[in-house]
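Structure file final-v1.tsv with TSV, C-alpha atoms:
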```
chain	number	residue	atom	x	y	z
A	27	MET	CA	33.89	1.59	31.59
A	28	VAL	CA	34.70	5.28	31.50
A	29	PHE	CA	34.88	7.05	34.83
A	30	GLY	CA	31.85	9.29	35.47
A	31	ARG	CA	29.80	7.81	32.58
A	32	ARG	CA	27.31	4.91	32.71
A	33	THR	CA	27.38	2.50	29.80
A	34	LYS	CA	24.32	0.89	28.14
A	35	THR	CA	25.02	-2.34	30.01
A	36	ASP	CA	25.05	-0.54	33.35
A	37	SER	CA	21.68	1.16	32.65
A	38	ARG	CA	20.00	-2.22	32.29
A	39	VAL	CA	21.30	-3.54	35.61
A	40	PRO	CA	18.57	-3.19	38.28
A	41	SER	CA	19.48	-1.66	41.57
A	42	ARG	CA	19.71	-3.73	44.74
A	43	ALA	CA	16.61	-2.04	46.25
A	44	SER	CA	14.36	-2.69	43.24
A	45	THR	CA	15.53	-6.31	43.04
A	46	THR	CA	14.81	-6.83	46.72
A	47	ASP	CA	11.34	-5.23	46.48
A	48	ALA	CA	10.39	-7.35	43.48
A	49	ALA	CA	11.55	-10.50	45.21
A	50	GLU	CA	9.62	-9.73	48.40
A	51	VAL	CA	6.25	-9.00	46.68
A	52	PRO	CA	4.70	-12.03	44.97
A	53	ALA	CA	3.42	-11.55	41.43
A	54	GLY	CA	-0.13	-12.49	42.42
A	55	LEU	CA	-0.20	-9.89	45.19
A	56	SER	CA	1.07	-7.22	42.81
A	57	ILE	CA	-1.70	-8.02	40.32
A	58	ALA	CA	-4.31	-8.09	43.08
A	59	ALA	CA	-3.10	-4.73	44.39
A	60	ALA	CA	-3.23	-3.22	40.91
A	61	TYR	CA	-6.82	-4.40	40.44
A	62	SER	CA	-7.78	-3.38	43.98
A	63	TRP	CA	-6.87	0.28	43.77
A	64	ARG	CA	-8.56	0.58	40.38
A	65	MET	CA	-11.70	-1.04	41.78
A	66	LEU	CA	-11.58	1.34	44.75
A	67	VAL	CA	-11.46	4.29	42.36
A	68	VAL	CA	-14.46	2.93	40.41
A	69	LEU	CA	-16.43	2.21	43.60
A	70	GLY	CA	-15.59	5.68	44.91
A	71	LEU	CA	-16.89	7.24	41.70
A	72	ILE	CA	-20.09	5.17	41.94
A	73	ALA	CA	-20.54	6.21	45.58
A	74	VAL	CA	-20.13	9.88	44.65
A	75	LEU	CA	-22.68	9.51	41.83
A	76	ILE	CA	-25.17	7.82	44.17
A	77	TYR	CA	-24.66	10.59	46.74
A	78	LEU	CA	-25.27	13.26	44.10
A	79	VAL	CA	-28.39	11.46	42.84
A	80	ILE	CA	-29.81	11.23	46.38
A	81	THR	CA	-28.93	14.84	47.15
A	82	LEU	CA	-30.40	16.13	43.87
A	83	LYS	CA	-33.29	13.65	43.74
A	84	TYR	CA	-35.89	16.37	43.11
A	85	ILE	CA	-34.02	17.21	39.92
A	86	VAL	CA	-32.74	13.77	38.90
A	87	ILE	CA	-36.08	11.94	39.21
A	88	PRO	CA	-38.04	14.40	36.99
A	89	PHE	CA	-35.21	14.25	34.45
A	90	LEU	CA	-35.26	10.44	34.38
A	91	ILE	CA	-39.05	10.45	34.06
A	92	ALA	CA	-38.70	12.86	31.15
A	93	ILE	CA	-36.19	10.53	29.48
A	94	LEU	CA	-38.59	7.59	29.80
A	95	ILE	CA	-41.49	9.62	28.40
A	96	ALA	CA	-39.30	10.92	25.58
A	97	ALA	CA	-38.19	7.38	24.76
A	98	LEU	CA	-41.86	6.53	24.26
A	99	LEU	CA	-42.82	9.67	22.31
A	100	VAL	CA	-39.75	10.35	20.15
A	101	PRO	CA	-40.53	7.50	17.68
A	102	VAL	CA	-44.10	8.84	17.32
A	103	VAL	CA	-42.82	12.38	16.73
A	104	ASN	CA	-40.28	11.15	14.17
A	105	PHE	CA	-43.04	9.22	12.37
A	106	CYS	CA	-45.17	12.38	12.17
A	107	VAL	CA	-42.18	14.34	10.85
A	108	ARG	CA	-41.63	11.69	8.15
A	109	MET	CA	-45.29	12.21	7.22
A	110	LYS	CA	-44.38	15.85	6.38
A	111	TRP	CA	-45.67	17.34	9.65
A	112	PRO	CA	-43.86	20.41	10.99
A	113	ARG	CA	-41.83	19.33	13.98
A	114	TRP	CA	-43.48	21.82	16.31
A	115	ALA	CA	-46.92	20.50	15.32
A	116	ALA	CA	-45.82	16.87	15.78
A	117	VAL	CA	-44.40	17.60	19.23
A	118	THR	CA	-47.50	19.56	20.29
A	119	VAL	CA	-50.02	16.97	19.11
A	120	VAL	CA	-48.11	13.94	20.45
A	121	LEU	CA	-47.39	15.50	23.85
A	122	ALA	CA	-50.96	16.80	24.19
A	123	GLY	CA	-52.32	13.36	23.32
A	124	PHE	CA	-50.06	11.72	25.90
A	125	LEU	CA	-51.11	14.17	28.63
A	126	ALA	CA	-54.78	13.68	27.67
A	127	VAL	CA	-54.47	9.89	28.01
A	128	VAL	CA	-52.74	10.15	31.39
A	129	SER	CA	-55.25	12.70	32.65
A	130	GLY	CA	-58.14	10.55	31.44
A	131	LEU	CA	-56.80	7.54	33.33
A	132	ILE	CA	-56.43	9.61	36.51
A	133	VAL	CA	-59.98	10.98	36.19
A	134	VAL	CA	-61.44	7.51	35.63
A	135	VAL	CA	-59.56	6.03	38.59
A	136	VAL	CA	-60.52	8.89	40.94
A	137	THR	CA	-64.16	8.68	39.87
A	138	GLN	CA	-64.31	4.92	40.34
A	139	VAL	CA	-62.56	5.03	43.70
A	140	ARG	CA	-64.87	7.78	44.98
A	141	SER	CA	-67.93	5.81	43.93
A	142	GLY	CA	-66.65	2.53	45.38
A	143	LEU	CA	-65.01	3.82	48.56
A	144	PRO	CA	-68.19	3.89	50.72
A	145	ALA	CA	-69.01	0.31	49.79
A	146	LEU	CA	-65.39	-0.67	50.45
A	147	GLN	CA	-65.56	0.86	53.94
A	148	ILE	CA	-68.81	-0.94	54.75
A	149	GLN	CA	-67.54	-4.24	53.40
A	150	SER	CA	-64.23	-3.85	55.23
A	151	ALA	CA	-66.05	-3.30	58.53
A	152	ALA	CA	-68.25	-6.33	57.88
A	153	ALA	CA	-65.21	-8.42	56.94
A	154	TYR	CA	-63.47	-7.31	60.14
A	155	GLU	CA	-66.44	-8.41	62.26
A	156	ASN	CA	-66.56	-11.74	60.40
A	157	LEU	CA	-62.85	-12.20	61.06
A	158	ARG	CA	-63.33	-11.57	64.78
A	159	GLU	CA	-66.17	-14.07	64.87
A	160	PHE	CA	-64.08	-16.62	62.97
A	161	LEU	CA	-61.17	-16.23	65.41
A	162	ARG	CA	-63.53	-16.63	68.37
A	163	ASP	CA	-64.99	-19.89	66.97
A	164	SER	CA	-61.70	-21.22	65.60
A	165	PRO	CA	-59.42	-23.68	67.45
A	166	LEU	CA	-57.42	-20.64	68.60
A	167	GLN	CA	-60.36	-19.64	70.82
A	168	LEU	CA	-59.37	-15.98	70.90
A	169	SER	CA	-61.68	-13.90	73.05
A	170	ASP	CA	-62.66	-10.31	72.44
A	171	ALA	CA	-60.29	-9.30	75.24
A	172	ASP	CA	-57.40	-11.05	73.46
A	173	LEU	CA	-58.22	-9.37	70.14
A	174	ASP	CA	-58.55	-5.99	71.82
A	175	GLY	CA	-55.21	-6.56	73.54
A	176	TYR	CA	-53.51	-7.26	70.23
A	177	LEU	CA	-55.11	-4.18	68.71
A	178	ASN	CA	-53.96	-2.08	71.67
A	179	GLU	CA	-50.40	-3.32	71.15
A	180	ILE	CA	-50.59	-2.27	67.51
A	181	PHE	CA	-51.90	1.15	68.52
A	182	ASP	CA	-49.11	1.48	71.08
A	183	VAL	CA	-46.54	0.84	68.37
A	184	ILE	CA	-48.18	3.48	66.20
A	185	GLN	CA	-48.28	5.88	69.12
A	186	ARG	CA	-44.56	5.39	69.82
A	187	ASP	CA	-43.90	6.33	66.21
A	188	SER	CA	-46.39	9.19	66.30
A	189	GLN	CA	-43.64	11.78	66.02
A	190	ALA	CA	-42.56	10.40	62.66
A	191	LEU	CA	-46.18	10.18	61.55
A	192	VAL	CA	-46.91	13.77	62.59
A	193	SER	CA	-43.79	15.04	60.85
A	194	GLY	CA	-44.85	13.13	57.76
A	195	ILE	CA	-48.30	14.72	57.88
A	196	LEU	CA	-46.81	18.18	58.36
A	197	SER	CA	-44.56	17.66	55.36
A	198	VAL	CA	-47.48	16.86	53.03
A	199	GLY	CA	-47.53	20.42	51.78
A	200	SER	CA	-43.82	20.34	51.05
A	201	THR	CA	-44.14	16.96	49.35
A	202	ALA	CA	-47.03	18.21	47.23
A	203	GLY	CA	-44.92	21.20	46.22
A	204	HIS	CA	-42.03	18.91	45.26
A	205	VAL	CA	-44.38	16.71	43.23
A	206	LEU	CA	-45.80	19.70	41.38
A	207	THR	CA	-42.34	21.12	40.71
A	208	GLY	CA	-41.09	17.73	39.56
A	209	ALA	CA	-44.06	17.34	37.21
A	210	LEU	CA	-43.37	20.73	35.63
A	211	LEU	CA	-39.67	19.91	35.28
A	212	SER	CA	-40.55	16.59	33.63
A	213	VAL	CA	-42.89	18.28	31.15
A	214	PHE	CA	-40.36	20.98	30.22
A	215	ALA	CA	-37.51	18.48	29.91
A	216	THR	CA	-39.67	16.22	27.72
A	217	ILE	CA	-40.58	19.13	25.45
A	218	PHE	CA	-36.93	20.11	24.94
A	219	VAL	CA	-35.84	16.52	24.32
A	220	LEU	CA	-38.61	16.09	21.72
A	221	ILE	CA	-37.77	19.38	20.02
A	222	ASP	CA	-33.98	19.47	20.17
A	223	GLY	CA	-32.79	16.10	21.48
A	224	LYS	CA	-30.20	15.56	18.74
A	225	ARG	CA	-28.49	18.90	19.33
A	226	ILE	CA	-28.49	18.33	23.10
A	227	TRP	CA	-26.80	14.96	22.60
A	228	SER	CA	-24.27	16.41	20.13
A	229	TRP	CA	-23.35	19.08	22.66
A	230	THR	CA	-22.93	16.36	25.32
A	231	VAL	CA	-20.64	14.33	23.07
A	232	ARG	CA	-18.45	17.38	22.40
A	233	LEU	CA	-17.68	17.57	26.12
A	234	PHE	CA	-15.51	14.44	25.75
A	235	PRO	CA	-12.01	14.30	24.21
A	236	ARG	CA	-11.97	14.07	20.41
A	237	ARG	CA	-10.57	10.52	20.39
A	238	ALA	CA	-13.42	9.28	22.61
A	239	ARG	CA	-16.31	10.97	20.81
A	240	ASN	CA	-17.06	8.13	18.39
A	241	ALA	CA	-17.22	5.63	21.24
A	242	VAL	CA	-19.41	7.89	23.40
A	243	ASP	CA	-21.72	8.74	20.50
A	244	GLY	CA	-22.16	5.10	19.46
A	245	ALA	CA	-22.68	3.95	23.04
A	246	GLY	CA	-25.29	6.65	23.59
A	247	VAL	CA	-27.17	5.66	20.43
A	248	ALA	CA	-27.07	1.99	21.48
A	249	GLY	CA	-28.38	2.89	24.94
A	250	TRP	CA	-31.16	5.06	23.49
A	251	LEU	CA	-32.30	2.31	21.11
A	252	THR	CA	-32.37	-0.12	24.01
A	253	LEU	CA	-34.36	2.31	26.15
A	254	THR	CA	-36.98	3.03	23.46
A	255	THR	CA	-37.46	-0.69	22.85
A	256	PHE	CA	-37.68	-1.37	26.58
A	257	VAL	CA	-40.38	1.28	27.10
A	258	LYS	CA	-42.53	0.03	24.22
A	259	VAL	CA	-42.23	-3.60	25.28
A	260	GLN	CA	-42.86	-2.75	28.95
A	261	ILE	CA	-46.07	-0.94	28.02
A	262	PHE	CA	-47.19	-4.02	26.07
A	263	VAL	CA	-46.39	-6.35	28.99
A	264	ALA	CA	-48.11	-4.03	31.49
A	265	ALA	CA	-51.20	-3.84	29.25
A	266	VAL	CA	-51.39	-7.64	29.05
A	267	ASP	CA	-51.14	-7.89	32.85
A	268	ALA	CA	-53.79	-5.21	33.38
A	269	ILE	CA	-56.21	-6.70	30.84
A	270	GLY	CA	-55.77	-10.22	32.19
A	271	ILE	CA	-56.31	-9.32	35.85
A	272	GLY	CA	-58.98	-6.73	35.05
A	273	VAL	CA	-60.99	-9.17	32.92
A	274	GLY	CA	-60.65	-11.79	35.65
A	275	ALA	CA	-61.96	-9.34	38.26
A	276	TRP	CA	-64.84	-8.36	35.94
A	277	ILE	CA	-65.80	-12.00	35.38
A	278	LEU	CA	-65.76	-12.61	39.13
A	279	GLY	CA	-68.05	-9.61	39.53
A	280	LEU	CA	-70.44	-11.07	36.95
A	281	PHE	CA	-70.63	-14.41	38.74
A	282	TYR	CA	-70.61	-13.20	42.32
A	283	GLY	CA	-71.68	-9.55	42.01
A	284	GLY	CA	-70.55	-6.50	43.96
A	285	PHE	CA	-67.05	-5.85	42.56
A	286	PRO	CA	-67.03	-2.06	41.91
A	287	LEU	CA	-63.26	-1.43	41.67
A	288	VAL	CA	-62.39	-3.35	38.50
A	289	ILE	CA	-61.04	-0.33	36.59
A	290	PRO	CA	-58.85	0.99	39.45
A	291	ILE	CA	-57.44	-2.52	39.91
A	292	ALA	CA	-56.60	-2.77	36.20
A	293	VAL	CA	-54.96	0.68	36.19
A	294	ALA	CA	-53.01	-0.15	39.37
A	295	VAL	CA	-51.77	-3.40	37.79
A	296	PHE	CA	-50.78	-1.49	34.62
A	297	LEU	CA	-48.76	1.08	36.58
A	298	GLY	CA	-47.33	-1.48	39.00
A	299	SER	CA	-46.07	-3.65	36.15
A	300	PHE	CA	-43.45	-1.00	35.37
A	301	ILE	CA	-41.70	-2.06	38.59
A	302	PRO	CA	-40.64	-5.68	38.01
A	303	VAL	CA	-41.31	-8.26	40.73
A	304	ILE	CA	-42.43	-5.77	43.42
A	305	GLY	CA	-45.14	-4.03	41.39
A	306	ALA	CA	-46.81	-7.24	40.27
A	307	LEU	CA	-46.72	-8.62	43.82
A	308	VAL	CA	-48.29	-5.53	45.43
A	309	THR	CA	-51.01	-4.95	42.83
A	310	GLY	CA	-51.88	-8.65	42.74
A	311	ALA	CA	-52.22	-8.68	46.52
A	312	LEU	CA	-54.46	-5.61	46.27
A	313	ALA	CA	-56.77	-7.38	43.81
A	314	VAL	CA	-56.96	-10.47	46.03
A	315	PHE	CA	-57.68	-8.34	49.13
A	316	ILE	CA	-60.54	-6.46	47.45
A	317	ALA	CA	-61.99	-9.75	46.20
A	318	LEU	CA	-61.79	-11.11	49.74
A	319	VAL	CA	-63.54	-8.06	51.22
A	320	PHE	CA	-66.33	-7.83	48.63
A	321	LEU	CA	-66.86	-11.41	47.53
A	322	GLY	CA	-65.49	-13.74	50.20
A	323	PRO	CA	-62.80	-16.43	50.56
A	324	ILE	CA	-63.65	-18.59	47.53
A	325	PRO	CA	-63.68	-15.70	44.99
A	326	ALA	CA	-60.49	-14.42	46.62
A	327	VAL	CA	-58.83	-17.79	45.98
A	328	ILE	CA	-60.07	-17.65	42.37
A	329	MET	CA	-58.69	-14.11	42.07
A	330	LEU	CA	-55.38	-15.35	43.44
A	331	GLY	CA	-55.36	-18.07	40.78
A	332	ILE	CA	-56.02	-15.48	38.06
A	333	VAL	CA	-53.19	-13.28	39.32
A	334	LEU	CA	-50.79	-16.24	39.44
A	335	LEU	CA	-51.86	-17.35	35.94
A	336	VAL	CA	-51.22	-13.87	34.51
A	337	GLN	CA	-47.87	-13.68	36.29
A	338	GLN	CA	-46.87	-17.09	34.93
A	339	LEU	CA	-47.83	-15.93	31.44
A	340	GLU	CA	-45.65	-12.88	31.88
A	341	GLY	CA	-42.74	-14.75	33.47
A	342	HIS	CA	-42.58	-17.71	31.08
A	343	ILE	CA	-43.79	-16.25	27.76
A	344	LEU	CA	-43.75	-12.45	27.65
A	345	GLN	CA	-40.55	-11.83	29.58
A	346	PRO	CA	-38.34	-14.40	27.78
A	347	LEU	CA	-39.75	-13.89	24.27
A	348	VAL	CA	-40.68	-10.21	24.24
A	349	MET	CA	-38.80	-8.48	27.03
A	350	GLY	CA	-35.70	-10.59	26.40
A	351	THR	CA	-35.20	-8.77	23.12
A	352	ALA	CA	-35.20	-5.38	24.80
A	353	VAL	CA	-33.31	-6.09	28.01
A	354	LYS	CA	-30.22	-8.27	27.69
A	355	VAL	CA	-30.02	-8.79	31.43
A	356	HIS	CA	-30.32	-12.04	33.37
A	357	PRO	CA	-33.49	-12.31	35.54
A	358	LEU	CA	-31.35	-12.69	38.67
A	359	ALA	CA	-29.65	-9.39	37.85
A	360	VAL	CA	-33.09	-7.83	37.38
A	361	VAL	CA	-34.20	-8.98	40.85
A	362	PHE	CA	-31.06	-7.65	42.55
A	363	ALA	CA	-31.21	-4.41	40.55
A	364	VAL	CA	-34.79	-3.79	41.69
A	365	ALA	CA	-33.87	-4.64	45.29
A	366	ALA	CA	-30.83	-2.33	45.24
A	367	GLY	CA	-32.78	0.47	43.55
A	368	SER	CA	-35.62	0.27	46.07
A	369	PHE	CA	-33.10	0.22	48.95
A	370	VAL	CA	-31.26	3.29	47.65
A	371	ALA	CA	-34.15	5.39	46.33
A	372	GLY	CA	-37.43	3.67	47.21
A	373	ILE	CA	-40.11	3.39	44.52
A	374	PRO	CA	-38.27	5.64	42.00
A	375	GLY	CA	-35.17	3.48	42.41
A	376	ALA	CA	-37.17	0.31	41.73
A	377	LEU	CA	-38.78	1.96	38.70
A	378	PHE	CA	-35.54	3.09	37.08
A	379	ALA	CA	-33.36	0.14	38.10
A	380	VAL	CA	-34.06	-2.19	35.18
A	381	PRO	CA	-33.86	0.36	32.33
A	382	LEU	CA	-30.71	1.83	33.89
A	383	VAL	CA	-29.05	-1.59	34.14
A	384	ALA	CA	-30.12	-2.46	30.59
A	385	VAL	CA	-28.79	0.79	29.14
A	386	VAL	CA	-25.49	0.65	31.04
A	387	ASN	CA	-25.07	-3.00	30.03
A	388	VAL	CA	-25.55	-2.25	26.32
A	389	MET	CA	-23.34	0.84	26.38
A	390	THR	CA	-20.53	-1.00	28.17
A	391	LYS	CA	-20.67	-3.91	25.76
A	392	TYR	CA	-20.62	-1.56	22.77
A	393	ILE	CA	-17.54	0.31	23.99
A	394	ALA	CA	-15.73	-2.91	24.95
A	395	SER	CA	-16.48	-4.54	21.59
A	396	GLY	CA	-14.62	-1.82	19.66
A	397	ASP	CA	-17.30	-1.63	16.93
A	398	TRP	CA	-17.09	2.16	17.08
A	399	ARG	CA	-13.60	1.92	15.54
A	400	ILE	CA	-14.88	0.12	12.43
A	401	HIS	CA	-18.55	0.82	11.88
A	402	GLY	CA	-20.67	3.91	12.17
A	403	ARG	CA	-23.54	4.47	14.53
A	404	PRO	CA	-25.27	1.26	15.63
A	405	THR	CA	-28.76	0.44	14.36
A	406	ILE	CA	-31.60	-1.32	16.13
A	407	THR	CA	-30.53	-4.57	14.46
A	408	ASP	CA	-26.98	-4.19	15.74
A	409	VAL	CA	-28.19	-3.54	19.30
A	410	LEU	CA	-30.95	-6.15	19.58
A	411	GLY	CA	-30.29	-8.57	16.77
A	412	ASN	CA	-27.64	-10.92	18.12
A	413	GLY	CA	-27.66	-10.10	21.80
A	414	LYS	CA	-23.86	-9.88	21.96
```
I'd like the structure from this file rewritten - as structure tokens, please.
Amino acid sequence: MVFGRRTKTDSRVPSRASTTDAAEVPAGLSIAAAYSWRMLVVLGLIAVLIYLVITLKYIVIPFLIAILIAALLVPVVNFCVRMKWPRWAAVTVVLAGFLAVVSGLIVVVVTQVRSGLPALQIQSAAAYENLREFLRDSPLQLSDADLDGYLNEIFDVIQRDSQALVSGILSVGSTAGHVLTGALLSVFATIFVLIDGKRIWSWTVRLFPRRARNAVDGAGVAGWLTLTTFVKVQIFVAAVDAIGIGVGAWILGLFYGGFPLVIPIAVAVFLGSFIPVIGALVTGALAVFIALVFLGPIPAVIMLGIVLLVQQLEGHILQPLVMGTAVKVHPLAVVFAVAAGSFVAGIPGALFAVPLVAVVNVMTKYIASGDWRIHGRPTITDVLGNGK
């Protein structure tokens, strides 16, 4: 050894401090610590994203609605373009047709509800009186004073929360303004995605480092294919639910008479089916309640059987065979995703939870598989064919 110079052998000799530290920290704890701080970074990023989404909800929600609408309309626009239509004409006709269908449904529902609302009020009052009479004659032997006492307790609870109710009523104008603004943002965003979606996505991909662009581009294409398939399949499933429950309500009206809200029930079931689990439960309960008010207990039980039959058809045939091809997510994950989405963002969170989980799942699997290093952009067969 030369004085003042460290040899190769000396450079490989660990110091006393590093040897002591390595001996005092078990290997398992070191691995756990390494995973822990990385997980904390990921969870922190997710928390920041959730905070931004909640803060900018009046911008994020219209944008997500526009993405869902575009996922439905882009294949139609592309088909028209392949048929030698000018793109501007295809976008105009397809978007105008979509808005006409939505507006027609709203007009039909409003008209039916306005015509059936007086009868619903009368029948609800009669059903309430029948319920009071039933409770008086039942083994519970509830008197009118008892029933009025319970109602007064309910009114007291409402009165204690009157401040929140009044503030909610006063904010109706603001909410209506937000809804109108969000609708306009959704329409404009949908138009731009239909017209120039490819260039918008190419610009987004160029924001990433050059080495990551193939992975980001392929993952985005895989997620988009999954989303378009999900939207088409979800519309089919929702239509089956609406037709099944609507036809059942119509048949009950034929046999028992006096069921004026068949079309609003069918439309409510169709819209509610876009929110898995919760939507079907709420709209089914609405159909049973209206059958109970208008037709009585026995038709209500029959309506309940129809709702359960349609839900079993969806859960055991449509969801596994049809929806399973579009959403490669376990049903338990779907339930927890809907619950978490509704907890974080209410109805919009429940609506977007399943497509968001499906898209993130497919994109993550595509990047982790490394297919972007070998193959080009994924096709619909690559994304949905083998379920890997």
Sort by chain and increasing residue number a table of all residues of region 59-107 of chain A within 12 Å of region 238-250 of chain A, each with its closest pair of atoms and their distance in Å to one decimal, counting all atoms listed in the file, and write it as a Markdown table.
```
| residue | atom | partner | partner_atom | distance |
| --- | --- | --- | --- | --- |
| A:Ile93 | CA | A:Trp250 | CA | 9.5 |
| A:Leu94 | CA | A:Trp250 | CA | 10.1 |
| A:Ala96 | CA | A:Trp250 | CA | 10.2 |
| A:Ala97 | CA | A:Trp250 | CA | 7.5 |
| A:Leu98 | CA | A:Trp250 | CA | 10.8 |
| A:Val100 | CA | A:Trp250 | CA | 10.6 |
| A:Pro101 | CA | A:Trp250 | CA | 11.3 |
```
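Residue neighbourhood of region 317-322 of chain A, excluding near-sequence residues (fewer than 5 positions): Gln149, Ser150 and Ala153 of chain A, at 6 Å, using all atoms listed in the file.
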Region 129-140 of chain A surroundings by all atoms listed in the file, 12 Å radius, close-in-sequence under 3 positions cut, as a PyMOL selection string: chain A and resi 122-126+143-147+285-294+296-297
Closest of A:Ala171, A:Leu344, A:Val119, A:Val68 to Phe262 (chain A) - atom-to-atom distances counting all atoms listed in the file: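 Between A:Ala171, A:Leu344, A:Val119, A:Val68, the residue approaching Phe262 (chain A) most closely is A:Leu344.
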Would you mind listing, for every residue of region 71-120 of chain A within 10 Å of region 365-378 of chain A, the two atoms forming the shortest contact and the distance between them in Å to one decimal, using all atoms listed in the file, sorted by chain and ascending residue number, as a tab-separated table?
```
residue	atom	partner	partner_atom	distance
A:Ile76	CA	A:Val370	CA	8.3
A:Tyr77	CA	A:Val370	CA	9.9
A:Val79	CA	A:Ala371	CA	9.1
A:Ile80	CA	A:Ala371	CA	7.3
A:Lys83	CA	A:Ala371	CA	8.7
A:Ile87	CA	A:Pro374	CA	7.2
A:Leu90	CA	A:Phe378	CA	7.8
A:Ile91	CA	A:Phe378	CA	8.7
A:Leu94	CA	A:Phe378	CA	9.1
```
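Pairwise distance (CA of Val314 (chain A), CA of Gln260 (chain A)) equals 23.5 Å.
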What is the distance between CA of Val333 (chain A) and CA of Ala313 (chain A), in Å to one decimal?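 Interatomic distance here is 8.2 Å.
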Which of these residues is nearest to Gly223 (chain A), using only C-alpha atoms: A:Val327, A:Ala151, A:Val103, A:Leu312?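 The answer is A:Val103, which sits nearest to Gly223 (chain A).
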Ranking A:Gly208, A:Gly274, A:Pro235, A:Pro52 by minimum distance to Val86 (chain A) and counting only C-alpha atoms, which one comes first? A:Gly208
Suppose you want the space between CA of Leu335 (chain A) and CA of Gly310 (chain A); what is it in Å?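 Taking CA of Leu335 (chain A) as the start and CA of Gly310 (chain A) as the end point, the length is 11.0 Å.
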